[in-house]
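Single-structure report; data block below.
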Amino acid sequence: MTTTKIRIATTSLAGCFGCHMSFLDMDERLVALLEHVEFNRSPLTDIKHCDPCDIGLVEGGLCNAENIKVLREFRANCKILIAMGACAINGGVPAMRNHFDLRECLEEVYINGTGVEQPQIPNDTELPLLLDKVRPLSDVVQVDYYLPGCPPSANDFLRILSQLLEGKQAVIPANSFHFD
Amino acid sequence: MQNTIIIDGQEIIFKDGQTIMDAALAAKIYIPHLCHYPGLTPHGNCKLCTVNLGGKSVSACTTPAMSGQQISNNTAELNEARTTVTQMLFIEGDHICPSCEKTGNCKLQAMAYHLGMLDEHFSPFYPRREIDASHPAILLDRSRCILCDLCVRASREIDGKNVFAIAGRGIAAHLIVNSSSGKLVDSDIDVSDLATNICPVGAILIKEQSYTIPIGKRIYDQQTIVEVGLQEAISEKTKHDHD
Ligand code: SF4
Ligand code: SF4
């Protein structure tokens, strides 16, 4: 008899991939996990689009139009959507640019930055349009679970996934998580 | 007959003149609070210490204890309301903990941990507020200020100065510095002042010290806000030093 595996998709939007790296910190415990789950769209598989999935793990907030498109694809395809890490939950470090106007940020980097040659603000049509402000996921889609941490630890990932794999509601008790 | 009140079914003794908060802390009962610090005049502005007294919501830090009071404190309903208040404090300011020097030593953050607040629920405001980096040793980042008023009271009541005040109303309320230029450098604040050290969040910071203790080994990495809150008091030495 073949048991169907739980299908997980992951992505990093306006994040630093730290959450994904921390996920991989499960090390050998990943082998046991892989007996129960398979990865669909994810930087770990290089699959580019979501099939219908059980769980979507989204790292990073929203800083451009492409982020929003990807997030909507995740929401449409994942039964359970988890905002993983500080940036997905409240914008995190990328949201520090919200202190400044977007144009100021672009000029600082591409016009006035140190060592800039041929100063110009990139405007290739292939580049996704930047949002005026970096925003959390919950500003655009319904989020089912929040997994705080910068990044959440491998144990945090294992805990939430084991609960969900058992078909339970995920519970993250008070005083068992961190925002840093 | 002794003066007693009942908090969550537990009868405790209070002394005349004590508030519900004073009596609770003396009996080692924790009532969540951010803008209260034993030894300073209570203000009742953060509303975290809201308890239920005979069907009414009151601030424990400002309500006098009176014999026979029946008080609910640690209930699911009140803690849910406290979580909402905490979420509003987060989104009204700019609380990006991973980039904040106060992380791990911050009461707002520790309150979120205590209440099991996993997200901020509301859409963040991302306000832009003025930073005052004028002082050589002390930084004021208003984007993290929760307007608890502790620095204002500490400066006036303990330090014997009058460095801070809160100006404006509602969403426009903000912390100001009482100096000719409005900048900290022109005030008489000192690093050792209670006002400099009492800020529950990362709004008033002592420069060049923030990473002497690494993240992971800080106050609320070792203790909960309940444990810390039950020990707090302005030491006699601090009071005396500033007499
Ligand atoms: S002041 Fe506290 S809650 Fe705000 S960012 Fe700093 S650590 Fe986080
Ligand atoms: S600076 Fe700190 S102590 Fe002063 S009112 Fe703001 S949060 Fe409170």
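Identifiers for the structure tokens are assigned positionally: chains receive A, B, ... in sequence, residues are indexed from 1 per chain, and ligands are indexed from 1 in the order shown.
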
At a cut-off of 12 Å, which residues of chain A touch chain B? Count only C-alpha atoms and give the answer as a count of residues only. 49

From a DSSP calculation on the backbone, collect every residue of region 92-180 of chain A in helix (DSSP H, G or I) and output the set as a PyMOL selection string. chain A and resi 93-99+102-110+137-139+154-165

Go ahead and write the selection's residues with N, CA and C atoms as a CSV table (one decimal), in the first residue's frame.
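Heads up, here's the output in again_36.csv:
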```
chain,number,residue,atom,x,y,z
A,93,VAL,N,13.5,43.1,8.5
A,93,VAL,CA,14.6,44.0,8.1
A,93,VAL,C,14.4,44.8,6.8
A,94,PRO,N,13.9,44.1,5.7
A,94,PRO,CA,13.7,44.8,4.5
A,94,PRO,C,12.7,46.0,4.7
A,95,ALA,N,11.8,45.9,5.6
A,95,ALA,CA,10.8,47.0,5.9
A,95,ALA,C,11.5,48.2,6.5
A,96,MET,N,12.8,48.1,6.9
A,96,MET,CA,13.5,49.3,7.3
A,96,MET,C,13.6,50.4,6.2
A,97,ARG,N,13.4,49.9,5.0
A,97,ARG,CA,13.4,50.9,3.9
A,97,ARG,C,12.2,51.8,3.9
A,98,ASN,N,11.1,51.3,4.7
A,98,ASN,CA,9.9,52.1,4.7
A,98,ASN,C,10.1,53.5,5.4
A,99,HIS,N,11.3,53.6,6.1
A,99,HIS,CA,11.6,54.9,6.7
A,99,HIS,C,11.9,56.0,5.6
A,102,LEU,N,10.9,55.6,-1.6
A,102,LEU,CA,11.5,54.6,-2.6
A,102,LEU,C,12.5,55.3,-3.5
A,103,ARG,N,12.2,56.5,-3.9
A,103,ARG,CA,13.2,57.1,-4.8
A,103,ARG,C,14.5,57.4,-4.1
A,104,GLU,N,14.4,57.8,-2.8
A,104,GLU,CA,15.6,58.1,-2.0
A,104,GLU,C,16.4,56.8,-1.9
A,105,CYS,N,15.8,55.7,-1.7
A,105,CYS,CA,16.5,54.4,-1.6
A,105,CYS,C,17.3,54.1,-2.9
A,106,LEU,N,16.5,54.3,-4.0
A,106,LEU,CA,17.1,54.0,-5.3
A,106,LEU,C,18.3,54.9,-5.7
A,107,GLU,N,18.1,56.2,-5.3
A,107,GLU,CA,19.1,57.1,-5.6
A,107,GLU,C,20.4,56.9,-4.8
A,108,GLU,N,20.1,56.5,-3.5
A,108,GLU,CA,21.2,56.2,-2.6
A,108,GLU,C,22.1,55.1,-3.2
A,109,VAL,N,21.4,54.0,-3.7
A,109,VAL,CA,22.1,52.9,-4.2
A,109,VAL,C,22.7,53.1,-5.6
A,110,TYR,N,21.9,53.6,-6.5
A,110,TYR,CA,22.3,53.5,-7.9
A,110,TYR,C,22.8,54.8,-8.4
A,137,LEU,N,2.9,39.6,4.7
A,137,LEU,CA,2.0,38.7,3.8
A,137,LEU,C,0.6,38.9,4.1
A,138,SER,N,0.2,39.1,5.4
A,138,SER,CA,-1.2,39.2,5.8
A,138,SER,C,-1.9,40.4,5.3
A,139,ASP,N,-1.1,41.4,4.7
A,139,ASP,CA,-1.7,42.5,4.1
A,139,ASP,C,-2.4,42.1,2.8
A,154,ALA,N,15.4,25.2,13.5
A,154,ALA,CA,15.0,23.9,12.9
A,154,ALA,C,14.0,23.2,13.8
A,155,ASN,N,14.2,23.3,15.1
A,155,ASN,CA,13.2,22.7,16.1
A,155,ASN,C,11.8,23.3,15.9
A,156,ASP,N,11.8,24.6,15.7
A,156,ASP,CA,10.5,25.3,15.5
A,156,ASP,C,9.8,24.7,14.2
A,157,PHE,N,10.6,24.5,13.2
A,157,PHE,CA,10.0,24.0,11.9
A,157,PHE,C,9.5,22.5,12.2
A,158,LEU,N,10.3,21.8,12.9
A,158,LEU,CA,9.9,20.4,13.1
A,158,LEU,C,8.7,20.3,13.9
A,159,ARG,N,8.6,21.2,15.0
A,159,ARG,CA,7.4,21.2,15.8
A,159,ARG,C,6.2,21.5,15.1
A,160,ILE,N,6.2,22.5,14.3
A,160,ILE,CA,4.9,22.9,13.6
A,160,ILE,C,4.6,21.8,12.5
A,161,LEU,N,5.6,21.3,11.8
A,161,LEU,CA,5.3,20.3,10.8
A,161,LEU,C,4.8,19.0,11.4
A,162,SER,N,5.4,18.6,12.5
A,162,SER,CA,4.9,17.4,13.1
A,162,SER,C,3.5,17.5,13.5
A,163,GLN,N,3.1,18.6,14.1
A,163,GLN,CA,1.7,18.8,14.5
A,163,GLN,C,0.8,18.7,13.3
A,164,LEU,N,1.2,19.4,12.2
A,164,LEU,CA,0.3,19.5,11.0
A,164,LEU,C,0.3,18.1,10.3
A,165,LEU,N,1.4,17.4,10.4
A,165,LEU,CA,1.4,16.0,9.7
A,165,LEU,C,0.5,15.1,10.5
```

Could you pull the residues within 9 Å of Thr11 (chain A), counting only C-alpha atoms, minus those fewer than 6 positions along the same chain, as a ChimeraX atom specification? /A:17,20,41-43,56-60,70-71,74

Distance query Gly202 (chain B) at most 10 Å, only C-alpha atoms, self and fewer than 5 positions along chain excluded, as a PyMOL selection string: chain B and resi 95+97+100-103+105-108+139-146+210

Pick out the residues no farther than 7 Å from ligand 2, counting only C-alpha atoms and all ligand atoms, and list them as an NGL selection string. :B and (142 or 144-152 or 175 or 198-201 or 203-204)

Put those residues in a file: C-alpha atoms, as a short mmCIF file (atom, residue, chain, number, x, y, z; two decimals), in the first residue's frame.
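The resulting out37.cif:
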```cif
data_model
loop_
_atom_site.label_atom_id
_atom_site.label_comp_id
_atom_site.auth_asym_id
_atom_site.auth_seq_id
_atom_site.Cartn_x
_atom_site.Cartn_y
_atom_site.Cartn_z
CA ARG B 142 11.12 57.71 18.81
CA ARG B 144 10.07 52.53 19.11
CA CYS B 145 8.62 54.71 21.86
CA ILE B 146 5.37 53.34 23.29
CA LEU B 147 4.63 56.55 25.23
CA CYS B 148 4.68 54.72 28.54
CA ASP B 149 5.84 57.93 30.24
CA LEU B 150 8.33 56.08 32.45
CA CYS B 151 11.28 58.25 31.38
CA VAL B 152 9.21 61.37 32.05
CA LEU B 175 8.07 62.29 23.28
CA ILE B 198 14.14 52.69 32.55
CA CYS B 199 12.85 52.65 28.98
CA PRO B 200 11.06 49.30 28.57
CA VAL B 201 11.73 49.27 24.81
CA ALA B 203 13.60 53.98 22.37
CA ILE B 204 16.22 55.29 24.82
#
```

Excluding same-chain residues fewer than 3 positions from region 183-186 of chain B, what lies within 7 Å of it counting only C-alpha atoms, as a ChimeraX atom specification? /B:132,134-135,177,179-180

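Nearest residue to Asn40 (chain A), choosing from A:Val116, A:Ala9, A:Cys19, A:Leu62 and counting only C-alpha atoms: A:Ala9.
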
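The spacing separating CA of Ala170 (chain A) from CA of Cys49 (chain B) amounts to 28.9 Å.
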
Run DSSP on the backbone and give me the residues of region 9-226 of chain B it puts in strand (DSSP E), as a short mmCIF file (atom, residue, chain, number, x, y, z; two decimals) with N, CA, C and O atoms, in the first residue's frame.
```
data_model
loop_
_atom_site.label_atom_id
_atom_site.label_comp_id
_atom_site.auth_asym_id
_atom_site.auth_seq_id
_atom_site.Cartn_x
_atom_site.Cartn_y
_atom_site.Cartn_z
N GLN B 10 -7.83 34.07 44.91
CA GLN B 10 -6.84 34.03 45.99
C GLN B 10 -6.97 35.28 46.86
O GLN B 10 -6.91 36.41 46.37
N GLU B 11 -7.14 35.05 48.16
CA GLU B 11 -7.29 36.18 49.06
C GLU B 11 -5.92 36.73 49.44
O GLU B 11 -5.03 35.97 49.85
N ILE B 12 -5.73 38.03 49.29
CA ILE B 12 -4.44 38.62 49.68
C ILE B 12 -4.67 39.84 50.57
O ILE B 12 -5.69 40.51 50.49
N ILE B 13 -3.66 40.10 51.38
CA ILE B 13 -3.74 41.22 52.30
C ILE B 13 -3.16 42.47 51.63
O ILE B 13 -2.19 42.36 50.88
N THR B 50 -5.24 46.06 32.81
CA THR B 50 -6.70 46.05 32.95
C THR B 50 -7.16 44.75 33.59
O THR B 50 -6.80 43.65 33.15
N VAL B 51 -7.90 44.90 34.68
CA VAL B 51 -8.47 43.73 35.37
C VAL B 51 -9.98 43.97 35.46
O VAL B 51 -10.47 45.07 35.19
N ASN B 52 -10.66 42.91 35.82
CA ASN B 52 -12.11 43.03 35.95
C ASN B 52 -12.48 43.14 37.43
O ASN B 52 -12.18 42.26 38.22
N LEU B 53 -13.11 44.26 37.77
CA LEU B 53 -13.49 44.49 39.16
C LEU B 53 -15.01 44.63 39.20
O LEU B 53 -15.56 45.64 38.74
N LYS B 56 -16.54 45.58 35.94
CA LYS B 56 -15.99 46.75 35.26
C LYS B 56 -14.52 46.55 34.97
O LYS B 56 -13.81 45.93 35.76
N SER B 57 -14.06 47.12 33.86
CA SER B 57 -12.64 47.06 33.54
C SER B 57 -11.94 48.26 34.19
O SER B 57 -12.35 49.40 33.95
N VAL B 58 -10.92 47.97 34.99
CA VAL B 58 -10.17 49.07 35.61
C VAL B 58 -8.67 48.80 35.48
O VAL B 58 -8.25 47.66 35.28
N SER B 59 -7.87 49.86 35.55
CA SER B 59 -6.42 49.69 35.55
C SER B 59 -5.97 49.36 36.97
O SER B 59 -6.20 50.14 37.89
N GLN B 70 -13.44 41.89 44.53
CA GLN B 70 -13.30 40.61 43.82
C GLN B 70 -12.77 40.96 42.43
O GLN B 70 -13.44 41.63 41.66
N ILE B 71 -11.57 40.46 42.15
CA ILE B 71 -10.87 40.88 40.93
C ILE B 71 -10.54 39.67 40.06
O ILE B 71 -10.04 38.66 40.57
N SER B 72 -10.83 39.76 38.76
CA SER B 72 -10.32 38.74 37.84
C SER B 72 -9.13 39.33 37.11
O SER B 72 -9.19 40.47 36.64
N ILE B 131 14.59 60.71 14.99
CA ILE B 131 15.63 60.10 15.82
C ILE B 131 16.49 61.24 16.37
O ILE B 131 16.80 62.18 15.64
N ASP B 132 16.85 61.16 17.64
CA ASP B 132 17.74 62.16 18.23
C ASP B 132 19.05 61.46 18.60
O ASP B 132 19.12 60.74 19.60
N ILE B 138 23.83 58.88 24.54
CA ILE B 138 22.45 58.39 24.65
C ILE B 138 21.71 58.63 23.33
O ILE B 138 21.79 59.72 22.76
N LEU B 139 21.01 57.60 22.88
CA LEU B 139 20.25 57.69 21.63
C LEU B 139 18.76 57.64 21.93
O LEU B 139 18.32 56.85 22.76
N LEU B 140 18.02 58.48 21.24
CA LEU B 140 16.56 58.44 21.36
C LEU B 140 15.96 58.13 19.99
O LEU B 140 16.06 58.93 19.06
N ASP B 141 15.37 56.94 19.88
CA ASP B 141 14.71 56.55 18.63
C ASP B 141 13.21 56.51 18.88
O ASP B 141 12.68 55.54 19.42
N PHE B 164 12.22 64.93 29.99
CA PHE B 164 11.25 64.52 28.95
C PHE B 164 9.84 64.99 29.24
O PHE B 164 9.48 65.28 30.39
N ALA B 165 9.03 65.02 28.18
CA ALA B 165 7.58 65.25 28.32
C ALA B 165 6.91 64.62 27.11
O ALA B 165 7.57 64.35 26.09
N ILE B 166 5.62 64.35 27.25
CA ILE B 166 4.87 63.86 26.10
C ILE B 166 4.02 65.01 25.59
O ILE B 166 3.30 65.66 26.36
N ALA B 167 4.14 65.29 24.30
CA ALA B 167 3.39 66.39 23.68
C ALA B 167 2.44 65.81 22.64
O ALA B 167 2.63 64.70 22.15
N HIS B 174 3.78 62.41 21.05
CA HIS B 174 5.19 62.04 20.87
C HIS B 174 6.03 62.56 22.03
O HIS B 174 5.63 63.49 22.73
N LEU B 175 7.19 61.92 22.18
CA LEU B 175 8.07 62.29 23.28
C LEU B 175 8.90 63.51 22.88
O LEU B 175 9.48 63.53 21.80
N ILE B 176 8.95 64.51 23.75
CA ILE B 176 9.82 65.66 23.47
C ILE B 176 10.87 65.79 24.56
O ILE B 176 10.72 65.26 25.67
N VAL B 177 11.94 66.48 24.23
CA VAL B 177 13.03 66.71 25.17
C VAL B 177 12.97 68.17 25.59
O VAL B 177 12.88 69.06 24.73
N ILE B 204 15.07 54.60 24.23
CA ILE B 204 16.22 55.29 24.82
C ILE B 204 17.30 54.24 25.02
O ILE B 204 17.10 53.27 25.75
N LEU B 205 18.41 54.43 24.35
CA LEU B 205 19.49 53.44 24.41
C LEU B 205 20.80 54.11 24.76
O LEU B 205 21.04 55.25 24.36
N ILE B 206 21.62 53.40 25.51
CA ILE B 206 22.96 53.91 25.78
C ILE B 206 23.84 53.45 24.62
O ILE B 206 23.85 52.26 24.27
#
```

Neighbour list for Ile31 (chain B) as number ranges by chain, cut-off 10 Å, only C-alpha atoms, skip fewer than 4 positions in-chain: B: 7, 20-22, 24-25, 48-51, 60-61, 73-74, 226, 229-230

Could you save the residues just selected, with all heavy atoms, as a short mmCIF file (atom, residue, chain, number, x, y, z; two decimals), in the first residue's frame?
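Result written to result_10.cif:
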```
data_model
loop_
_atom_site.label_atom_id
_atom_site.label_comp_id
_atom_site.auth_asym_id
_atom_site.auth_seq_id
_atom_site.Cartn_x
_atom_site.Cartn_y
_atom_site.Cartn_z
N ILE B 7 -7.99 38.09 44.33
CA ILE B 7 -7.58 38.14 42.91
C ILE B 7 -7.61 36.71 42.37
O ILE B 7 -6.90 35.84 42.88
CB ILE B 7 -6.17 38.74 42.73
CG1 ILE B 7 -6.13 40.17 43.30
CG2 ILE B 7 -5.78 38.74 41.26
CD1 ILE B 7 -4.80 40.88 43.14
N ILE B 20 -4.34 48.10 43.61
CA ILE B 20 -4.50 46.66 43.35
C ILE B 20 -3.16 46.10 42.85
O ILE B 20 -2.74 45.01 43.25
CB ILE B 20 -5.63 46.42 42.31
CG1 ILE B 20 -6.99 46.88 42.89
CG2 ILE B 20 -5.68 44.97 41.87
CD1 ILE B 20 -8.14 46.84 41.90
N MET B 21 -2.48 46.87 42.00
CA MET B 21 -1.17 46.42 41.48
C MET B 21 -0.17 46.26 42.62
O MET B 21 0.52 45.23 42.69
CB MET B 21 -0.65 47.44 40.46
CG MET B 21 0.73 47.16 39.89
SD MET B 21 0.76 45.69 38.83
CE MET B 21 0.17 46.39 37.29
N ASP B 22 -0.06 47.24 43.49
CA ASP B 22 0.89 47.16 44.61
C ASP B 22 0.63 45.90 45.43
O ASP B 22 1.56 45.17 45.80
CB ASP B 22 0.73 48.35 45.57
CG ASP B 22 1.06 49.69 44.92
OD1 ASP B 22 1.88 49.70 43.99
OD2 ASP B 22 0.50 50.72 45.38
N ALA B 24 -1.01 43.19 44.60
CA ALA B 24 -0.76 41.96 43.84
C ALA B 24 0.74 41.66 43.79
O ALA B 24 1.18 40.55 44.08
CB ALA B 24 -1.32 42.10 42.43
N LEU B 25 1.54 42.67 43.46
CA LEU B 25 2.99 42.44 43.35
C LEU B 25 3.57 42.01 44.70
O LEU B 25 4.41 41.11 44.76
CB LEU B 25 3.70 43.70 42.83
CG LEU B 25 3.44 44.05 41.35
CD1 LEU B 25 4.14 45.36 40.99
CD2 LEU B 25 3.91 42.94 40.42
N LEU B 48 -2.36 47.54 29.87
CA LEU B 48 -2.08 46.10 29.97
C LEU B 48 -2.57 45.53 31.29
O LEU B 48 -2.91 44.37 31.40
CB LEU B 48 -0.56 45.85 29.85
CG LEU B 48 0.05 45.48 28.51
CD1 LEU B 48 -0.47 44.14 28.04
CD2 LEU B 48 -0.21 46.51 27.43
N CYS B 49 -2.62 46.38 32.31
CA CYS B 49 -2.98 45.88 33.65
C CYS B 49 -4.48 45.92 33.88
O CYS B 49 -4.93 45.81 35.03
CB CYS B 49 -2.23 46.65 34.74
SG CYS B 49 -2.88 48.30 35.03
N THR B 50 -5.24 46.06 32.81
CA THR B 50 -6.70 46.05 32.95
C THR B 50 -7.16 44.75 33.59
O THR B 50 -6.80 43.65 33.15
CB THR B 50 -7.37 46.21 31.56
OG1 THR B 50 -6.92 47.44 31.00
CG2 THR B 50 -8.89 46.21 31.69
N VAL B 51 -7.90 44.90 34.68
CA VAL B 51 -8.47 43.73 35.37
C VAL B 51 -9.98 43.97 35.46
O VAL B 51 -10.47 45.07 35.19
CB VAL B 51 -7.88 43.54 36.79
CG1 VAL B 51 -6.42 43.13 36.72
CG2 VAL B 51 -8.04 44.81 37.64
N ALA B 60 -5.32 48.21 37.11
CA ALA B 60 -4.89 47.78 38.44
C ALA B 60 -3.87 48.73 39.04
O ALA B 60 -3.79 48.89 40.26
CB ALA B 60 -4.32 46.36 38.36
N CYS B 61 -3.08 49.42 38.19
CA CYS B 61 -2.00 50.25 38.73
C CYS B 61 -2.50 51.56 39.32
O CYS B 61 -1.78 52.21 40.06
CB CYS B 61 -0.93 50.51 37.67
SG CYS B 61 -1.43 51.65 36.37
N ASN B 73 -8.07 38.54 37.00
CA ASN B 73 -6.86 39.02 36.34
C ASN B 73 -6.41 38.10 35.22
O ASN B 73 -6.44 38.46 34.05
CB ASN B 73 -5.75 39.18 37.40
CG ASN B 73 -4.37 39.35 36.79
OD1 ASN B 73 -4.23 40.04 35.79
ND2 ASN B 73 -3.37 38.68 37.35
N ASN B 74 -6.05 36.88 35.58
CA ASN B 74 -5.46 35.98 34.58
C ASN B 74 -6.55 35.16 33.90
O ASN B 74 -6.62 33.95 34.07
CB ASN B 74 -4.43 35.10 35.28
CG ASN B 74 -3.55 34.35 34.30
OD1 ASN B 74 -3.51 34.69 33.12
ND2 ASN B 74 -2.88 33.32 34.78
N VAL B 226 7.19 37.65 33.70
CA VAL B 226 6.54 37.43 35.00
C VAL B 226 7.61 37.40 36.09
O VAL B 226 7.51 38.11 37.10
CB VAL B 226 5.75 36.10 35.00
CG1 VAL B 226 5.15 35.84 36.37
CG2 VAL B 226 4.67 36.12 33.93
N GLY B 229 9.10 40.89 36.39
CA GLY B 229 8.12 41.85 36.90
C GLY B 229 7.88 41.72 38.39
O GLY B 229 7.59 42.70 39.07
N LEU B 230 8.02 40.50 38.89
CA LEU B 230 7.78 40.29 40.33
C LEU B 230 8.98 40.71 41.19
O LEU B 230 8.86 40.79 42.40
CB LEU B 230 7.42 38.82 40.60
CG LEU B 230 6.03 38.39 40.08
CD1 LEU B 230 5.82 36.90 40.33
CD2 LEU B 230 4.91 39.20 40.73
#
```

Which residue, B:Ile171, B:Ile189, B:Ala23, B:Ala154, has the smallest gap to Gln69 (chain B) when you use only C-alpha atoms?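 The closest residue to Gln69 (chain B) is B:Ala23.
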
Report, in Å with one decimal, the straight-line distance from CA of Glu66 (chain A) to CA of Pro128 (chain A).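 Between these atoms lies a distance of 5.7 Å.
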
Find the residues near region 5-7 of chain A: any atom within 10 Å, counting only C-alpha atoms, skip ones fewer than 5 places away on the same chain, and give them as a tab-separated table (two decimals) with C-alpha atoms, in the first residue's frame.
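This is the output file out_23.tsv:
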```tsv
chain	number	residue	atom	x	y	z
A	34	LEU	CA	11.15	13.07	3.81
A	35	GLU	CA	9.45	9.75	4.52
A	36	HIS	CA	6.29	11.74	5.12
A	37	VAL	CA	6.63	14.78	2.93
A	38	GLU	CA	7.64	15.70	-0.60
A	39	PHE	CA	8.67	19.10	-1.82
A	40	ASN	CA	6.85	20.75	-4.66
A	41	ARG	CA	7.67	24.32	-5.77
A	51	ASP	CA	0.81	22.17	-7.92
A	52	PRO	CA	-1.95	21.79	-5.36
A	53	CYS	CA	-0.11	21.38	-2.03
A	54	ASP	CA	-0.95	20.67	1.58
A	55	ILE	CA	1.39	23.21	3.16
A	56	GLY	CA	3.02	26.36	1.84
A	78	CYS	CA	-1.76	25.53	-0.56
A	164	LEU	CA	0.33	19.46	11.03
A	165	LEU	CA	1.45	16.04	9.75
```
